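Novice: Structure in structure tokens, see below.
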Amino acid sequence: EGLYEKFGFINAIIEKHIDHIWGMGFHVESENENAQAIIEQWVEDVDLIAIGKKWTREFLVKPYGVIELGGNIKTGVKGVKVLDSKYIYKVRYIYGNILKYHQFIRGFDKNRNYKDTPLTQLTDVNKTGDYIELDTNNIIEFSLNQIGDKPYGLGIVYPNLDVINSLLGARKDMHMLLHRKANNPYVITMGNIEKDIWPSATDVTAMGQKLEYLHNKHEWVIGPDIKVEKLDFGDIAAKFIPPLQNDIDMLSVGFQTPKTELGFAFSTGLGSGLSTEHTSKFELHNIAIQEELEKIIEEKLFKRVLLAQGILDHVEIVWGEPNEEDKRTKITLLQGLLGSVSNPALRREIENQIAVLLDIDENIMDEG
């Protein structure tokens with residue numbers, strides 16, 4: 001969570017996934033028109049897409065995402081709230097069945113001896129309890145990258161921590177050296193052994209003090225017994241390019257987010273064909289997440305809303321196409337990008353994307 005909040009690169013990757021999963025929106029379909037109308041109104045009332053984005057952000061960054069529902073089985077869903085999952089813990093039966101969900105309200109004290117002073121439940125009697133117990137019937141959870149029967153998933157940040165630490169470490173070292181070696185350092189030789197000229201300690205100290213204020217000094221006046229040389233460390237920044245580039249490549253693979261999606265397409269020289277291939281794989285990854293979410297939403301949200309109305313029919317999510325406002329925004333961005341691109345292949349790809357958004361046959365564009 002800290003990396004998402006403080007490291008823009010990770011934040012951008014997470015938001016890119018969320019945009020691809022929820023950005024197109026969705027609509028619902030059912031053979032029962034009444035059931036469809038009820039769900040359409042309910043989705044609008046609770047703003048399910050906004051809820052879905054928050055929920056997705058939770059399970060991408062943290063071990064899992066948790067939604068709490070209002071109401072009960074008989075009354076349906078009276079409100080939907082995304083909880084901070086880092087404070088929600090599962091209590092499981094020995095065979096793995098979930099018995100309870102505990103929401104910690106006082107956090108953890110690293111100095112507390114939990115063996116001698118175990119956690120207690122907050123109740124009307126125990127006002128100093130550490131956690132409250134949530135109704136399992138009102139909890140919906142989703143874990144990404146869950147291994148075997150482990151209670152929680154990994155999200156997409158944790159598996160990449162080693163590479164993230166390497167990238168941040170390399171960047172810190174690079175900036176530290178650039179700060180220290182922004183200019184080549186001077187070596188000042190005072191005096192002349194052959195002529196038996198020896199500077200006094202006062203002269204050496206005075207020269208040293210002058211060197212402390214070189215930031216804006218361009219003119220020097222020195223005597224014949226003073227020699228000025230510089231130490232050349234070469235292009236310091238260039239030495240960091242290979243490891244930094246390697247770390248970014250590894251993160252692109254680890255997050256299953258192509259560099260073209262992160263804005264590196266033009267700086268890396270990736271061709272249009274490769275760009276399209278990478279984007280297609282990225283979309284397939286997010287489509288798989290959509291399918292998982294779709295099952296949960298249909299079975300645990302829509303079904304409960306309809307059962308409260310005495311309706312047993314199924315309502316299905318259909319992930320939709322961009323609306324007209326989204327199309328206009330994307331066309332404007334592509335047109336602005338087109339003016340700064342000289343590569344013919346990339347220009348053709350951008351023109352084809354604009355044609356698709358304008359419902360113009362791409363073949364006509366190619367023939368033209």
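Ordering of the structure tokens sets the chain letters (A, B, ...); residue numbers start at 1 within each chain; ligands are numbered from 1 in the order shown.
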So which residues of region 250-346 of chain A fall under alpha helix (DSSP H) by DSSP, listed as a PyMOL selection string?
Specialist: chain A and resi 250-254+265-268+272-296+303-307+324-338+344-346
Novice: List as a PyMOL selection string the protein and nucleic acid residues near region 109-118 of chain A, meaning an atom at most 12 Å away when only C-alpha atoms are counted, but skip any in the same chain fewer than 2 places from it.
Specialist: chain A and resi 104+106-107+120-121+129-131
Novice: Give the strand (DSSP E) residues of region 25-262 of chain A, as DSSP finds them on the backbone, and put them as number ranges by chain.
Specialist: A: 26-29, 65-69, 80-83, 88-92, 98-104, 131-134, 139-142, 186-190, 226-230
Novice: I'd like the neighbourhood of region 241-252 of chain A as JSON, numbers by chain, where a residue qualifies if any of its atoms comes within 6 Å (using only C-alpha atoms), though same-chain residues fewer than 5 positions away should be ignored.
Specialist: {"A": [167, 257, 258]}
Novice: Pull all heavy atoms from the residues just selected and write them as a JSON list (two decimals), in the first residue's frame.
Specialist:
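Once written, result-v1.json looks like this:
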```
[["chain", "number", "residue", "atom", "x", "y", "z"],
["A", 167, "LEU", "N", 15.16, -1.46, -8.11],
["A", 167, "LEU", "CA", 14.97, -0.24, -8.91],
["A", 167, "LEU", "C", 15.11, 1.01, -8.04],
["A", 167, "LEU", "O", 15.80, 1.96, -8.40],
["A", 167, "LEU", "CB", 13.60, -0.27, -9.57],
["A", 167, "LEU", "CG", 13.19, 0.98, -10.36],
["A", 167, "LEU", "CD1", 14.15, 1.21, -11.53],
["A", 167, "LEU", "CD2", 11.76, 0.86, -10.88],
["A", 257, "THR", "N", 2.20, -5.92, -17.50],
["A", 257, "THR", "CA", 1.81, -4.64, -18.08],
["A", 257, "THR", "C", 2.86, -4.24, -19.11],
["A", 257, "THR", "O", 3.98, -3.92, -18.73],
["A", 257, "THR", "CB", 1.71, -3.55, -17.00],
["A", 257, "THR", "OG1", 0.84, -4.00, -15.95],
["A", 257, "THR", "CG2", 1.16, -2.26, -17.59],
["A", 258, "PRO", "N", 2.54, -4.29, -20.40],
["A", 258, "PRO", "CA", 3.54, -3.95, -21.42],
["A", 258, "PRO", "C", 4.03, -2.52, -21.29],
["A", 258, "PRO", "O", 3.29, -1.63, -20.86],
["A", 258, "PRO", "CB", 2.79, -4.17, -22.74],
["A", 258, "PRO", "CG", 1.34, -4.07, -22.38],
["A", 258, "PRO", "CD", 1.24, -4.62, -20.99]]
```
Novice: Can I get the residues of region 287-351 of chain A within 9 Å of region 5-23 of chain A, each with the closest pair of atoms and their distance in Å to one decimal, using only C-alpha atoms, sorted chain first then ascending number, as CSV?
Specialist:
```
residue,atom,partner,partner_atom,distance
A:Ile287,CA,A:Ile21,CA,7.1
A:Ile289,CA,A:Ile21,CA,7.6
A:Gln290,CA,A:Ile21,CA,6.3
A:Trp319,CA,A:Trp22,CA,8.5
A:Pro322,CA,A:Gly23,CA,7.7
A:Asp326,CA,A:Gly23,CA,9.0
```
Novice: Restrict the selected residues to N, CA and C atoms and save them as an mmCIF file, in the first residue's frame.
Specialist:
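Below you can see result_29.cif, which holds the result:
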```cif
data_model
loop_
_atom_site.group_PDB
_atom_site.id
_atom_site.type_symbol
_atom_site.label_atom_id
_atom_site.label_comp_id
_atom_site.auth_asym_id
_atom_site.auth_seq_id
_atom_site.Cartn_x
_atom_site.Cartn_y
_atom_site.Cartn_z
ATOM 1 N N ILE A 287 -9.189 -9.286 -18.892
ATOM 2 C CA ILE A 287 -10.460 -9.954 -19.203
ATOM 3 C C ILE A 287 -10.666 -11.138 -18.261
ATOM 4 N N ILE A 289 -9.636 -11.346 -15.205
ATOM 5 C CA ILE A 289 -10.074 -10.781 -13.925
ATOM 6 C C ILE A 289 -11.540 -10.368 -14.014
ATOM 7 N N GLN A 290 -11.935 -9.783 -15.139
ATOM 8 C CA GLN A 290 -13.338 -9.402 -15.335
ATOM 9 C C GLN A 290 -14.259 -10.604 -15.188
ATOM 10 N N TRP A 319 -19.720 -6.780 -20.420
ATOM 11 C CA TRP A 319 -18.765 -5.676 -20.386
ATOM 12 C C TRP A 319 -18.885 -4.882 -21.669
ATOM 13 N N PRO A 322 -16.867 1.671 -25.030
ATOM 14 C CA PRO A 322 -16.765 3.037 -24.499
ATOM 15 C C PRO A 322 -17.932 3.898 -24.962
ATOM 16 N N ASP A 326 -16.142 9.009 -23.824
ATOM 17 C CA ASP A 326 -14.848 8.328 -23.780
ATOM 18 C C ASP A 326 -14.194 8.311 -25.158
#
```
Novice: Compile a residue-level contact table for region 6-40 of chain A against region 294-316 of chain A at a cut-off of 10 Å, reporting for every qualifying residue the shortest atom pair and its distance in Å to one decimal, with only C-alpha atoms counted, rows ordered by chain and ascending number, as CSV.
Specialist:
```
residue,atom,partner,partner_atom,distance
A:His27,CA,A:Glu316,CA,8.5
A:Val28,CA,A:Glu316,CA,5.4
A:Glu29,CA,A:Glu316,CA,5.3
A:Ser30,CA,A:Val315,CA,4.8
A:Glu31,CA,A:Asp313,CA,7.8
A:Asn32,CA,A:Asp313,CA,6.6
A:Glu33,CA,A:Val315,CA,9.6
A:Asn34,CA,A:Ile311,CA,9.0
A:Ala35,CA,A:Leu306,CA,6.8
A:Gln36,CA,A:Val315,CA,6.3
A:Ala37,CA,A:Val315,CA,9.9
A:Ile38,CA,A:Leu306,CA,7.7
A:Ile39,CA,A:Phe302,CA,6.6
A:Glu40,CA,A:Val315,CA,9.8
```
Novice: Would you save the residues from that selection as a PDB file, in the first residue's frame, using N, CA and C atoms?
Specialist:
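Heads up, here's the output in part10.pdb:
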```
ATOM      1  N   HIS A  27     -23.065  -3.315 -19.127  1.00  0.00           N
ATOM      2  CA  HIS A  27     -24.522  -3.269 -19.023  1.00  0.00           C
ATOM      3  C   HIS A  27     -25.001  -4.662 -18.664  1.00  0.00           C
ATOM      4  N   VAL A  28     -26.258  -4.807 -18.292  1.00  0.00           N
ATOM      5  CA  VAL A  28     -26.778  -6.102 -17.860  1.00  0.00           C
ATOM      6  C   VAL A  28     -27.872  -6.556 -18.821  1.00  0.00           C
ATOM      7  N   GLU A  29     -27.999  -7.867 -18.923  1.00  0.00           N
ATOM      8  CA  GLU A  29     -29.008  -8.473 -19.795  1.00  0.00           C
ATOM      9  C   GLU A  29     -29.698  -9.611 -19.060  1.00  0.00           C
ATOM     10  N   SER A  30     -30.980  -9.802 -19.350  1.00  0.00           N
ATOM     11  CA  SER A  30     -31.743 -10.901 -18.762  1.00  0.00           C
ATOM     12  C   SER A  30     -32.956 -11.188 -19.634  1.00  0.00           C
ATOM     13  N   GLU A  31     -33.386 -12.431 -19.617  1.00  0.00           N
ATOM     14  CA  GLU A  31     -34.604 -12.782 -20.346  1.00  0.00           C
ATOM     15  C   GLU A  31     -35.828 -12.199 -19.651  1.00  0.00           C
ATOM     16  N   ASN A  32     -35.682 -11.913 -18.372  1.00  0.00           N
ATOM     17  CA  ASN A  32     -36.761 -11.295 -17.604  1.00  0.00           C
ATOM     18  C   ASN A  32     -36.537  -9.779 -17.600  1.00  0.00           C
ATOM     19  N   GLU A  33     -37.354  -9.039 -18.333  1.00  0.00           N
ATOM     20  CA  GLU A  33     -37.182  -7.601 -18.451  1.00  0.00           C
ATOM     21  C   GLU A  33     -37.329  -6.889 -17.109  1.00  0.00           C
ATOM     22  N   ASN A  34     -38.197  -7.399 -16.254  1.00  0.00           N
ATOM     23  CA  ASN A  34     -38.384  -6.802 -14.944  1.00  0.00           C
ATOM     24  C   ASN A  34     -37.128  -6.958 -14.090  1.00  0.00           C
ATOM     25  N   ALA A  35     -36.538  -8.168 -14.133  1.00  0.00           N
ATOM     26  CA  ALA A  35     -35.300  -8.420 -13.389  1.00  0.00           C
ATOM     27  C   ALA A  35     -34.187  -7.511 -13.891  1.00  0.00           C
ATOM     28  N   GLN A  36     -34.095  -7.356 -15.205  1.00  0.00           N
ATOM     29  CA  GLN A  36     -33.070  -6.491 -15.792  1.00  0.00           C
ATOM     30  C   GLN A  36     -33.253  -5.045 -15.351  1.00  0.00           C
ATOM     31  N   ALA A  37     -34.490  -4.578 -15.350  1.00  0.00           N
ATOM     32  CA  ALA A  37     -34.774  -3.194 -14.957  1.00  0.00           C
ATOM     33  C   ALA A  37     -34.420  -2.953 -13.485  1.00  0.00           C
ATOM     34  N   ILE A  38     -34.717  -3.949 -12.630  1.00  0.00           N
ATOM     35  CA  ILE A  38     -34.411  -3.814 -11.202  1.00  0.00           C
ATOM     36  C   ILE A  38     -32.900  -3.692 -10.988  1.00  0.00           C
ATOM     37  N   ILE A  39     -32.135  -4.551 -11.649  1.00  0.00           N
ATOM     38  CA  ILE A  39     -30.679  -4.545 -11.488  1.00  0.00           C
ATOM     39  C   ILE A  39     -30.083  -3.272 -12.089  1.00  0.00           C
ATOM     40  N   GLU A  40     -30.588  -2.834 -13.221  1.00  0.00           N
ATOM     41  CA  GLU A  40     -30.077  -1.596 -13.830  1.00  0.00           C
ATOM     42  C   GLU A  40     -30.247  -0.419 -12.868  1.00  0.00           C
TER      43      GLU A  40
END
```
Novice: Near region 75-83 of chain A, within 12 Å and counting only C-alpha atoms, which residues show up once chain neighbours fewer than 4 positions away are dropped, as a ChimeraX atom specification?
Specialist: /A:38-39,42-59,62,64-71,87-89,101-105,134,137-142,297,300-311
Novice: CA of Phe282 (chain A) to CA of Ile331 (chain A): how many Å, to one decimal?
Specialist: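 Straight-line distance from CA of Phe282 (chain A) to CA of Ile331 (chain A) works out to 21.3 Å.
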Novice: Can you tell me which residues surround region 146-156 of chain A at a distance of at most 8 Å, considering only C-alpha atoms, apart from same-chain residues fewer than 3 positions away, and format the answer as a list in words?
Specialist: Phe59, Leu60, Val61, Lys62, Pro63, Tyr64, Lys90, Gly96, Ser143, Pro159, Asn160, Gly254 and Phe255 of chain A
Novice: Residues at most 12 Å from Val228 (chain A), counting only C-alpha atoms, excluding those fewer than 2 positions away in the same chain, as a list in words?
Specialist: Pro185, Tyr186, Val187, Ile188, Thr189, Met190, Gly191, Met207, Leu211, Trp220, Val221, Ile222, Gly223, Pro224, Asp225, Ile226, Lys230 and Leu231 of chain A
Novice: What does the distance between CA of Asn126 (chain A) and CA of Lys100 (chain A) come to in Å, to one decimal place?
Specialist: 19.0 Å
Novice: I want to know what sits within 8 Å of Leu357 (chain A), based on only C-alpha atoms, with residues of the same chain fewer than 3 positions away left out; could you give that as number ranges by chain?
Specialist: A: 327, 331, 353-354, 360
Novice: Any chance you can output those residues with N, CA, C and O atoms as a CSV table (one decimal), in the first residue's frame?
Specialist:
```csv
chain,number,residue,atom,x,y,z
A,327,LYS,N,-15.0,8.1,-26.2
A,327,LYS,CA,-14.5,8.1,-27.6
A,327,LYS,C,-13.9,9.4,-27.9
A,327,LYS,O,-12.8,9.5,-28.5
A,331,ILE,N,-10.1,10.2,-28.9
A,331,ILE,CA,-9.7,10.7,-30.2
A,331,ILE,C,-8.9,12.0,-30.1
A,331,ILE,O,-7.9,12.1,-30.8
A,353,GLN,N,-6.5,3.5,-35.2
A,353,GLN,CA,-7.3,3.6,-34.0
A,353,GLN,C,-8.4,4.7,-34.0
A,353,GLN,O,-9.5,4.5,-33.5
A,354,ILE,N,-8.0,5.8,-34.6
A,354,ILE,CA,-8.9,6.9,-34.7
A,354,ILE,C,-10.1,6.5,-35.6
A,354,ILE,O,-11.3,6.8,-35.4
A,360,ILE,N,-15.0,4.3,-39.0
A,360,ILE,CA,-14.6,4.3,-40.4
A,360,ILE,C,-13.8,3.0,-40.6
A,360,ILE,O,-13.0,2.5,-39.8
```
Novice: So what do you get for CA of Val356 (chain A) versus CA of Leu284 (chain A), distance-wise?
Specialist: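 If I compute the distance from CA of Val356 (chain A) to CA of Leu284 (chain A), I get 19.8 Å.
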